[in-house]
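Have a look at the structure below, then the notes.
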Amino acid sequence: PNEQNTTEIIKSLQLQISEGIISNTIPITQINQAILHRNQEFQKVKENNTLPSSPACHPHFNHLPPNGGQWNNTTKFKRILFYHARKAGGSSMNKYLVKVAQTYGIKIEWIEWNAMEEPGTQFDKEDTFYVTHLREPIARSISHFKYNGRWPCKTLLHREFEPTENNAFKLESWNETQGHEPKKTCHTRKNDVFRLGDCAVNCYTQWFGGLSCPRWEVPVEQQYEVAMSKLLKYNMIIVIEKLRDPKYVQAIENFFGVEGLLERGTPYCERMSHKANEKNPLVVKDETRARLTELNRVDLKLYHEISDCLEGGNYEDIPKWDGSRFVLNSFNFTQAKIDRQKAKAQKAMRSGE
């Protein structure tokens with residue numbers, strides 16, 4: 001396509017690409033052209049040294065408006081959006097951020113399984129403060145395997161099921177983009193919609209980029225560029241390994257002005273999966289770990305680009321809570337709970353008619 005056509009493609013596909021929801025009538029060539037153009041723009045920003053610093057080391061209270069404008073420190077946030085990456089401490093982070101939101105009366109929402117929401121693209125959402133988290137990719141992948149890949153949660157929840165090594169799936173087969181198997185399709189009606197639960201390989205790149213639907217044929221390197229461009233627009237990225245450092249924990253709690261960061265959340269079948277793995281300890285062979293490391297090379301690159309700046313234990317660039325940047329007490333949690341209960345009751349009544 002010529003430059004004018006490329007611009008038109010970008011305008012029509014930008015939000016679809018950002019959200020991982022692309023009309024299944026759009027030709028693959030146009031999708032690839034639009035992603036390539038986006039990544040070229042991202043590379044120009046990197047080359048001009050105007051790329052934002054890692055939000056893991058330099059979190060901030062600036063806002064990126066959804067109109068192509070520049071970062072500003074005047075717009076006040078009404079919403080916290082937490083992107084929950086699976087088996088990376090997300091349940092605990094979610095619990096903590098709900099506490100933060102309740103403390104200040106701010107709306108909170110979270111996304112899991114679907115593509116990461118991108119700052120600066122949401123015209124129909126309140127002004128949003130964006131948070132996500134990272135865990136070392138190989139540790140995350142093995143943890144995910146132990147949670148739902150070795151024995152599926154739905155199987156562990158059956159009282160009569162007794163987990164053994166003989167009825168367990170093997171870590172050696174946990175080597176695909178969707179866990180034990182490659183991602184084959186996306187939910188398709190009018191649109192192809194990215195959605196991913198179990199994942200063993202380059203999961204951050206898939207979740208954050210939202211572009212691994214096979215029909216789109218997007219190379220993993222281009223998915224990585226989209227994922228990084230989204231991540232660098234976030235306000236805060238919490239690195240799970242650093243929670244072993246009390247100074248880091250204190251810095252994050254000072255950033256949000258709320259204690260309790262280390263309080264544990266409880267994933268869906270955590271108790272049953274822990275019990276099963278305690279009875280049948282997992283042995284990770286060196287060659288299996290090496291294979292996972294090779295397969296996750298793109299995620300490892302992403303993880304280190306975001307988190308290596310924290311090495312050395314200097315957290316002086318993590319600012320303290322600034323309540324003036326939020327519309328405090330703008331969300332009523334009690335009323336929201338009542339409204340959800342009413343909606344649930346009305347839905348039950350309609351289904352019974």
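By order of appearance in the structure tokens: chains A, B, ..., then residues from 1 within every chain, and ligands from 1 in the order shown.
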Please provide the set of residues having any atom within 12 Å of Leu15 of chain A, restricted to only C-alpha atoms, with same-chain residues fewer than 3 positions apart removed, written as a PyMOL selection string.
-> chain A and resi 9-12+18-23+31+34-35+38+66+115-123+210
Give the strand (DSSP E or B) residues of segment 35-200 of chain A, as DSSP finds them on the backbone, and put them as a PyMOL selection string.
-> chain A and resi 63+72+77+79-83+107-111+114+128-134+176+178-179+181+187-188+191-193+195
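Within 7 Å of Leu134 of chain A, once only C-alpha atoms are used and residues closer than 4 positions along the same chain are dropped, the contacting residues are Ala88, Ile238, Val239 and Ile240 of chain A.
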Go ahead and write the selection's residues with C-alpha atoms as a PDB file, in the first residue's frame.
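Saved the output as out-v9.pdb:
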```pdb
ATOM      1  CA  ALA A  88       3.022 -13.959  38.445  1.00  0.00           C
ATOM      2  CA  ILE A 238       5.702  -4.210  40.058  1.00  0.00           C
ATOM      3  CA  VAL A 239       8.497  -6.791  39.806  1.00  0.00           C
ATOM      4  CA  ILE A 240       7.622  -9.818  41.935  1.00  0.00           C
TER       5      ILE A 240
END
```
What are the closest atom pairs, with distances in Å to one decimal, for all residues of segment 185-244 of chain A lying within 12 Å of segment 316-338 of chain A? Consider only C-alpha atoms, order rows by chain and residue number, and present the result as JSON lines.
```
{"residue": "A:Asn235", "atom": "CA", "partner": "A:Ile318", "partner_atom": "CA", "distance": 11.1}
{"residue": "A:Met236", "atom": "CA", "partner": "A:Ile318", "partner_atom": "CA", "distance": 9.5}
{"residue": "A:Ile237", "atom": "CA", "partner": "A:Ile318", "partner_atom": "CA", "distance": 11.1}
{"residue": "A:Ile238", "atom": "CA", "partner": "A:Ile318", "partner_atom": "CA", "distance": 11.2}
```
Using 10 Å as the limit and counting only C-alpha atoms, can you tabulate each residue of segment 208-297 of chain A that touches segment 141-153 of chain A, with its shortest atom-to-atom distance in Å and the two atoms involved, as a tab-separated table?
```
residue	atom	partner	partner_atom	distance
A:Pro267	CA	A:Tyr147	CA	9.4
A:Tyr268	CA	A:Cys153	CA	8.2
A:Cys269	CA	A:Cys153	CA	6.0
A:Glu270	CA	A:Tyr147	CA	6.9
A:Arg271	CA	A:Tyr147	CA	9.7
A:Met272	CA	A:Cys153	CA	8.0
A:Ser273	CA	A:Tyr147	CA	5.5
A:His274	CA	A:Tyr147	CA	7.6
A:Ala276	CA	A:Trp151	CA	8.5
A:Asn277	CA	A:Lys146	CA	7.0
A:Pro281	CA	A:Lys146	CA	9.8
A:Leu282	CA	A:Lys146	CA	8.0
A:Val284	CA	A:Ile142	CA	8.9
A:Arg289	CA	A:Ile142	CA	9.0
A:Leu292	CA	A:Ser141	CA	8.3
A:Thr293	CA	A:Ser141	CA	9.9
A:Asn296	CA	A:Ser141	CA	9.1
```
Using only all heavy atoms, please write the residues we just selected to a file, as a compact mmCIF listing (two decimals), in the first residue's frame.
```txt
# COMPACT_ATOMS: atom_id res chain seq x y z
N PRO A 267 -5.58 -17.65 44.55
CA PRO A 267 -6.09 -18.07 43.25
C PRO A 267 -7.12 -19.20 43.38
O PRO A 267 -7.20 -19.87 44.42
CB PRO A 267 -4.83 -18.57 42.52
CG PRO A 267 -3.70 -17.89 43.22
CD PRO A 267 -4.13 -17.77 44.65
N TYR A 268 -7.84 -19.42 42.31
CA TYR A 268 -9.01 -20.31 42.27
C TYR A 268 -8.78 -21.66 42.93
O TYR A 268 -9.50 -22.06 43.83
CB TYR A 268 -9.44 -20.47 40.82
CG TYR A 268 -10.53 -21.48 40.57
CD1 TYR A 268 -11.76 -21.36 41.19
CD2 TYR A 268 -10.32 -22.54 39.69
CE1 TYR A 268 -12.77 -22.29 40.94
CE2 TYR A 268 -11.31 -23.46 39.44
CZ TYR A 268 -12.54 -23.34 40.06
OH TYR A 268 -13.52 -24.26 39.83
N CYS A 269 -7.76 -22.41 42.52
CA CYS A 269 -7.57 -23.76 43.08
C CYS A 269 -6.18 -23.91 43.69
O CYS A 269 -5.59 -25.00 43.66
CB CYS A 269 -7.84 -24.84 42.03
SG CYS A 269 -6.61 -24.95 40.72
N GLU A 270 -5.66 -22.81 44.24
CA GLU A 270 -4.30 -22.84 44.78
C GLU A 270 -4.12 -23.90 45.86
O GLU A 270 -3.12 -24.62 45.88
CB GLU A 270 -3.94 -21.47 45.34
CG GLU A 270 -2.52 -21.40 45.89
CD GLU A 270 -2.18 -20.03 46.44
OE1 GLU A 270 -3.01 -19.49 47.20
OE2 GLU A 270 -1.12 -19.50 46.11
N ARG A 271 -5.07 -24.00 46.79
CA ARG A 271 -4.92 -24.94 47.89
C ARG A 271 -4.81 -26.37 47.39
O ARG A 271 -3.95 -27.14 47.83
CB ARG A 271 -6.11 -24.82 48.85
CG ARG A 271 -5.98 -25.68 50.11
CD ARG A 271 -7.16 -25.45 51.03
NE ARG A 271 -8.39 -25.91 50.44
CZ ARG A 271 -8.83 -27.17 50.50
NH1 ARG A 271 -8.11 -28.10 51.12
NH2 ARG A 271 -9.97 -27.52 49.95
N MET A 272 -5.64 -26.74 46.41
CA MET A 272 -5.63 -28.11 45.88
C MET A 272 -4.36 -28.38 45.07
O MET A 272 -3.78 -29.46 45.17
CB MET A 272 -6.87 -28.35 45.03
CG MET A 272 -8.18 -28.22 45.78
SD MET A 272 -8.28 -29.37 47.19
CE MET A 272 -8.27 -30.95 46.34
N SER A 273 -3.92 -27.41 44.29
CA SER A 273 -2.72 -27.64 43.48
C SER A 273 -1.48 -27.70 44.37
O SER A 273 -0.58 -28.52 44.11
CB SER A 273 -2.57 -26.54 42.42
OG SER A 273 -2.34 -25.28 43.00
N HIS A 274 -1.40 -26.89 45.40
CA HIS A 274 -0.27 -26.97 46.33
C HIS A 274 -0.23 -28.33 47.01
O HIS A 274 0.85 -28.93 47.16
CB HIS A 274 -0.39 -25.86 47.39
CG HIS A 274 0.15 -24.54 46.91
ND1 HIS A 274 0.32 -23.45 47.73
CD2 HIS A 274 0.56 -24.13 45.67
CE1 HIS A 274 0.80 -22.44 47.04
NE2 HIS A 274 0.95 -22.83 45.79
N ALA A 276 -1.44 -31.16 45.90
CA ALA A 276 -1.07 -32.19 44.93
C ALA A 276 0.44 -32.16 44.66
O ALA A 276 1.08 -33.22 44.55
CB ALA A 276 -1.85 -31.98 43.63
N ASN A 277 1.02 -30.98 44.55
CA ASN A 277 2.46 -30.88 44.28
C ASN A 277 3.31 -31.21 45.50
O ASN A 277 4.44 -31.67 45.35
CB ASN A 277 2.78 -29.47 43.77
CG ASN A 277 2.41 -29.28 42.30
OD1 ASN A 277 3.08 -29.77 41.41
ND2 ASN A 277 1.32 -28.56 42.07
N PRO A 281 6.32 -34.13 44.52
CA PRO A 281 7.26 -33.05 44.21
C PRO A 281 7.73 -33.08 42.75
O PRO A 281 8.08 -34.14 42.23
CB PRO A 281 8.42 -33.31 45.17
CG PRO A 281 7.82 -34.10 46.29
CD PRO A 281 6.77 -34.96 45.66
N LEU A 282 7.71 -31.92 42.13
CA LEU A 282 8.13 -31.82 40.73
C LEU A 282 9.65 -31.75 40.64
O LEU A 282 10.28 -30.95 41.32
CB LEU A 282 7.52 -30.57 40.09
CG LEU A 282 7.91 -30.30 38.63
CD1 LEU A 282 7.33 -31.38 37.72
CD2 LEU A 282 7.45 -28.91 38.21
N VAL A 284 12.54 -30.81 38.12
CA VAL A 284 12.78 -30.10 36.86
C VAL A 284 14.18 -30.45 36.37
O VAL A 284 15.18 -30.10 36.99
CB VAL A 284 12.65 -28.58 37.05
CG1 VAL A 284 12.87 -27.87 35.71
CG2 VAL A 284 11.29 -28.22 37.63
N ARG A 289 14.65 -27.26 31.76
CA ARG A 289 14.76 -25.83 32.07
C ARG A 289 15.48 -25.09 30.94
O ARG A 289 15.08 -23.98 30.57
CB ARG A 289 15.50 -25.65 33.39
CG ARG A 289 15.54 -24.19 33.87
CD ARG A 289 16.30 -24.07 35.18
NE ARG A 289 15.63 -24.78 36.24
CZ ARG A 289 14.64 -24.29 36.98
NH1 ARG A 289 14.20 -23.06 36.72
NH2 ARG A 289 14.10 -25.00 37.94
N LEU A 292 13.01 -24.59 28.11
CA LEU A 292 12.07 -23.52 28.41
C LEU A 292 12.74 -22.15 28.28
O LEU A 292 12.13 -21.19 27.81
CB LEU A 292 11.50 -23.69 29.82
CG LEU A 292 10.27 -24.58 29.98
CD1 LEU A 292 9.90 -24.70 31.46
CD2 LEU A 292 9.08 -24.06 29.18
N THR A 293 13.97 -22.07 28.69
CA THR A 293 14.72 -20.82 28.60
C THR A 293 14.88 -20.39 27.14
O THR A 293 14.70 -19.22 26.80
CB THR A 293 16.10 -20.97 29.27
OG1 THR A 293 15.91 -21.30 30.64
CG2 THR A 293 16.90 -19.69 29.15
N ASN A 296 11.52 -19.26 25.68
CA ASN A 296 11.02 -18.01 26.24
C ASN A 296 11.99 -16.84 26.07
O ASN A 296 11.92 -15.86 26.81
CB ASN A 296 10.70 -18.19 27.73
CG ASN A 296 9.37 -18.87 27.97
OD1 ASN A 296 8.31 -18.24 27.88
ND2 ASN A 296 9.41 -20.16 28.26
```
Output as a PyMOL selection string all residues of segment 47-252 of chain A that backbone DSSP marks as alpha helix (DSSP H).
-> chain A and resi 47+90-104+137-144+153-156+203-209+220-231+246-252
Written selection (C-alpha atoms) as a tab-separated table (two decimals), in the first residue's frame:
```tsv
chain	number	residue	atom	x	y	z
A	47	GLU	CA	16.28	5.90	18.23
A	90	GLY	CA	-1.33	-11.31	40.32
A	91	SER	CA	-3.92	-12.45	42.86
A	92	SER	CA	-1.90	-10.85	45.65
A	93	MET	CA	-1.29	-7.68	43.62
A	94	ASN	CA	-5.00	-7.52	42.80
A	95	LYS	CA	-5.90	-7.84	46.49
A	96	TYR	CA	-3.51	-5.03	47.38
A	97	LEU	CA	-4.72	-2.69	44.63
A	98	VAL	CA	-8.35	-3.24	45.64
A	99	LYS	CA	-7.28	-2.13	49.13
A	100	VAL	CA	-5.64	0.95	47.59
A	101	ALA	CA	-8.78	1.77	45.60
A	102	GLN	CA	-11.05	1.31	48.62
A	103	THR	CA	-8.77	3.47	50.77
A	104	TYR	CA	-9.11	6.42	48.41
A	137	PRO	CA	9.45	-15.86	32.85
A	138	ILE	CA	10.84	-19.35	33.52
A	139	ALA	CA	9.74	-19.30	37.16
A	140	ARG	CA	6.33	-18.04	36.01
A	141	SER	CA	5.99	-20.77	33.37
A	142	ILE	CA	6.89	-23.58	35.78
A	143	SER	CA	4.55	-22.14	38.41
A	144	HIS	CA	1.77	-22.07	35.83
A	153	CYS	CA	-7.81	-27.34	38.25
A	154	LYS	CA	-11.19	-28.74	37.25
A	155	THR	CA	-9.79	-32.25	37.81
A	156	LEU	CA	-8.19	-31.43	41.16
A	203	CYS	CA	3.27	-15.43	27.58
A	204	TYR	CA	3.96	-11.79	28.45
A	205	THR	CA	4.56	-11.02	24.79
A	206	GLN	CA	1.26	-12.71	23.94
A	207	TRP	CA	-0.82	-11.22	26.76
A	208	PHE	CA	0.55	-7.71	26.52
A	209	GLY	CA	0.66	-7.57	22.73
A	220	VAL	CA	6.76	-12.97	17.67
A	221	GLU	CA	9.35	-10.21	17.27
A	222	GLN	CA	6.62	-7.83	16.07
A	223	GLN	CA	4.34	-8.95	18.90
A	224	TYR	CA	7.19	-8.08	21.27
A	225	GLU	CA	7.46	-4.54	19.90
A	226	VAL	CA	3.73	-3.95	20.41
A	227	ALA	CA	3.91	-5.43	23.91
A	228	MET	CA	6.84	-3.18	24.86
A	229	SER	CA	5.18	-0.07	23.43
A	230	LYS	CA	2.16	-0.76	25.66
A	231	LEU	CA	4.20	-1.56	28.77
A	246	PRO	CA	12.03	-4.94	52.33
A	247	LYS	CA	13.29	-1.64	50.91
A	248	TYR	CA	11.47	-2.30	47.63
A	249	VAL	CA	8.27	-3.28	49.46
A	250	GLN	CA	8.47	-0.05	51.47
A	251	ALA	CA	9.04	1.97	48.31
A	252	ILE	CA	5.96	0.49	46.61
```
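Residue neighbourhood of segment 173-180 of chain A, excluding near-sequence residues (fewer than 6 positions): A:Asp198, A:Cys199, A:Ala200, A:Val201, at 6 Å, using only C-alpha atoms.
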Same residues, all heavy atoms, saved as a short mmCIF file (atom, residue, chain, number, x, y, z; two decimals), in the first residue's frame:
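out07.cif, written as the output of this step:
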```cif
data_model
loop_
_atom_site.label_atom_id
_atom_site.label_comp_id
_atom_site.auth_asym_id
_atom_site.auth_seq_id
_atom_site.Cartn_x
_atom_site.Cartn_y
_atom_site.Cartn_z
N ASP A 198 -4.08 -20.78 29.75
CA ASP A 198 -2.84 -21.52 29.95
C ASP A 198 -1.80 -21.07 28.94
O ASP A 198 -2.09 -20.86 27.76
CB ASP A 198 -3.08 -23.02 29.79
CG ASP A 198 -3.78 -23.61 31.00
OD1 ASP A 198 -3.82 -22.94 32.05
OD2 ASP A 198 -4.28 -24.75 30.91
N CYS A 199 -0.56 -20.95 29.42
CA CYS A 199 0.51 -20.49 28.53
C CYS A 199 1.85 -20.91 29.10
O CYS A 199 2.09 -20.78 30.31
CB CYS A 199 0.46 -18.97 28.38
SG CYS A 199 1.74 -18.34 27.27
N ALA A 200 2.74 -21.40 28.23
CA ALA A 200 4.08 -21.83 28.65
C ALA A 200 5.18 -21.01 27.99
O ALA A 200 6.28 -20.91 28.54
CB ALA A 200 4.28 -23.31 28.31
N VAL A 201 4.91 -20.44 26.84
CA VAL A 201 5.98 -19.84 26.02
C VAL A 201 5.64 -18.40 25.63
O VAL A 201 4.58 -18.14 25.06
CB VAL A 201 6.21 -20.69 24.75
CG1 VAL A 201 7.19 -20.01 23.82
CG2 VAL A 201 6.70 -22.08 25.13
#
```
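Among the candidate residues A:Asn24, A:Asn62, A:Ser54, A:Thr164, the one lying nearest to Glu305 of chain A is A:Ser54, with distances computed using only C-alpha atoms.
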In Å, rounded to a single decimal, give me how far atom CA of Ile80 of chain A is from atom CA of Ile108 of chain A.
-> 4.6 Å
Name the closest residue to Asp299 of chain A among the candidates A:Asp245, A:Glu136, A:Glu311, A:Glu259; distances are taken between atoms, counting only C-alpha atoms.
->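 For Asp299 of chain A, the nearest of the candidates is A:Glu136.
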A:Glu172, A:Glu112, A:Asp127, A:Glu165: which is nearest Glu287 of chain A, counting only C-alpha atoms?
->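 Under the stated criterion, the closest residue is A:Glu172.
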Enter the distance from atom CA of Pro214 of chain A to atom CA of Gln43 of chain A, in Å, rounded to one decimal.
-> 24.7 Å
Within 8 Å of Leu232 of chain A, counting only C-alpha atoms, which residues show up once you throw out same-chain ones fewer than 5 positions away? Write them as a ChimeraX atom specification, please.
-> /A:51-55
Distance criterion (only C-alpha atoms): nearest to Cys57 of chain A out of A:Ile106, A:Leu310, A:Leu171, A:Ala348 =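 Among the listed residues, the smallest separation from Cys57 of chain A belongs to A:Leu310.
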